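A short worksheet on the structure shown next.
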Amino acid sequence: MAFSSLTPVFVAIICVLIGIILKGNRKSNSKEQNKTNRKTESRPWVDEDLKDSTDLHVDEEDDGGEWQGLDDNIAHVPFSTERYAEEDMMNRSKDFYELLNKRRSVRFISDEPVPREIIDNVIKTAGTSPSGAHTEPWTFVVVQDAEVKHKIREIIEDEEEINYKKRMGDRWVNDLRRLRTNWIKEYLDTAPYLILIFKQVYGMLPDGKKKTHYYNEISVSIACGILLAALQNVGLVTVTSSPLNCGPRLRVLLERPVNEKLLLLLPVGYPRKDATVPDLTRKPLEDIMVVI
């Protein structure tokens, strides 16, 4: 009898304890959510398209561990390259450095026509870049149509005005002020070509399955560096642009598939006769190289 009379008391105590535990869990979840929200709010300029996407989605790939790319019986062939005398190597290294040291980001681009074959060649050069498991996860979209270029400008200027006024923050905007940049991008209309470089975050196999593109952002970034060198080599100028929050709209405009995300936009052409650039210097060798 004593036990049965105490049963309601025990039940009540258990219910109270359960309520306390549930309340604590809700508070913990709420704190985590608030923490996540604060992180998101503190970096409102982060563009989803610019995030790296090298995770391996095993659940999306049921390939039995088989090689997804080239034939696994691909032949290996002998390799050799031209070997220069040390004096020639020294001269070539200096000449190449001096060529690239003249490279500048130029925002004043002439509308003077540039032969398409030159653009073809510099992009073929960029396509020689190494890539993770030789997946070559890049797409270079060359825009020469004036109407499409203007639509690109409208999209970018719409978003860039918001970026400058709301997303980027005072520090970033102040850092850019000395470079005299803003959300007005006249060169998007005047440059004879706009090259938009998309990273393919995954590929598609003939059977419709997704193909992993390893280190896709790093691979495409290396290709972009080679492209900049190739443009400098032929005497053309550009300015590297990664327009924040424009990727999805530009992808739709250019009819690119969902596995492609915009990484970089390059307006390409000759510099205007009245072009100017900031009087900047580069770090000396001792500040960028460590020899061990």
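All residue names refer to the structure tokens as shown: chains lettered A, B, ... in order, residues numbered from 1 in each chain, ligands numbered from 1 in order.
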Could you give me, as a list in words, the residues within 9 Å of Arg103 (chain A), counting only C-alpha atoms and dropping anything in the same chain fewer than 2 positions from it? Leu99, Leu100, Asn101, Ser105, Val106, Leu228, Ala229, Gln232 and Val237 of chain A
All residues 7 Å or closer to Leu196 (chain A), only C-alpha atoms, same chain fewer than 3 positions away omitted, as a ChimeraX atom specification: /A:140-142,264-266
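A straight line drawn from CA of Ala133 (chain A) to CA of Tyr214 (chain A) is 6.8 Å long.
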Need the shell around Pro267 (chain A): protein/DNA/RNA residues with any atom at most 8 Å away, counting only C-alpha atoms. Skip same-chain ones fewer than 5 positions apart. Format as a PyMOL selection string? chain A and resi 187-188+191-195+238-240
Create the file for the chosen residues now, containing N, CA, C and O atoms and written as a compact mmCIF listing (two decimals), in the first residue's frame.
```
# COMPACT_ATOMS: atom_id res chain seq x y z
N TYR A 187 33.69 48.47 -68.08
CA TYR A 187 34.47 47.56 -68.92
C TYR A 187 33.70 46.32 -69.33
O TYR A 187 34.07 45.63 -70.29
N LEU A 188 32.62 46.00 -68.63
CA LEU A 188 31.83 44.83 -69.02
C LEU A 188 31.12 45.05 -70.35
O LEU A 188 30.76 44.09 -71.04
N ALA A 191 34.83 45.93 -73.16
CA ALA A 191 35.80 44.88 -73.48
C ALA A 191 35.25 44.00 -74.61
O ALA A 191 34.08 43.61 -74.59
N PRO A 192 36.06 43.70 -75.62
CA PRO A 192 35.55 42.88 -76.73
C PRO A 192 35.14 41.48 -76.30
O PRO A 192 34.28 40.86 -76.93
N TYR A 193 35.74 40.98 -75.20
CA TYR A 193 35.38 39.64 -74.72
C TYR A 193 35.25 39.65 -73.20
O TYR A 193 36.01 40.31 -72.50
N LEU A 194 34.28 38.89 -72.73
CA LEU A 194 34.20 38.54 -71.31
C LEU A 194 34.41 37.03 -71.23
O LEU A 194 33.73 36.27 -71.93
N ILE A 195 35.38 36.63 -70.42
CA ILE A 195 35.60 35.20 -70.22
C ILE A 195 35.13 34.86 -68.82
O ILE A 195 35.68 35.35 -67.83
N THR A 238 43.40 42.54 -68.46
CA THR A 238 42.16 42.12 -67.83
C THR A 238 42.18 42.58 -66.39
O THR A 238 43.18 43.14 -65.91
N VAL A 239 41.09 42.37 -65.69
CA VAL A 239 41.02 42.56 -64.25
C VAL A 239 40.26 41.37 -63.69
O VAL A 239 39.20 40.99 -64.21
N THR A 240 40.83 40.72 -62.67
CA THR A 240 40.16 39.55 -62.11
C THR A 240 38.96 39.99 -61.30
O THR A 240 39.05 40.87 -60.46
```
Do you have the CA of Lys102 (chain A)-CA of Lys273 (chain A) distance handy? 16.6 Å
May I have all residues of region 59-292 of chain A that DSSP, computed from the backbone, assigns to alpha helix (DSSP H), given as a ChimeraX atom specification? /A:86-101,116-126,146-162,169-177,187-190,216-233,247-253,285-288
Nearest to Leu227 (chain A), chosen from A:Lys124, A:Lys149, A:His76, A:Arg107, with only C-alpha atoms counted in the distances: A:Lys124
Selected residue, from A:Glu136, A:Asp274, A:Glu186, A:Glu117, that lies nearest to Ala223 (chain A) when counting only C-alpha atoms: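 Smallest distance to Ala223 (chain A) is found for A:Glu136.
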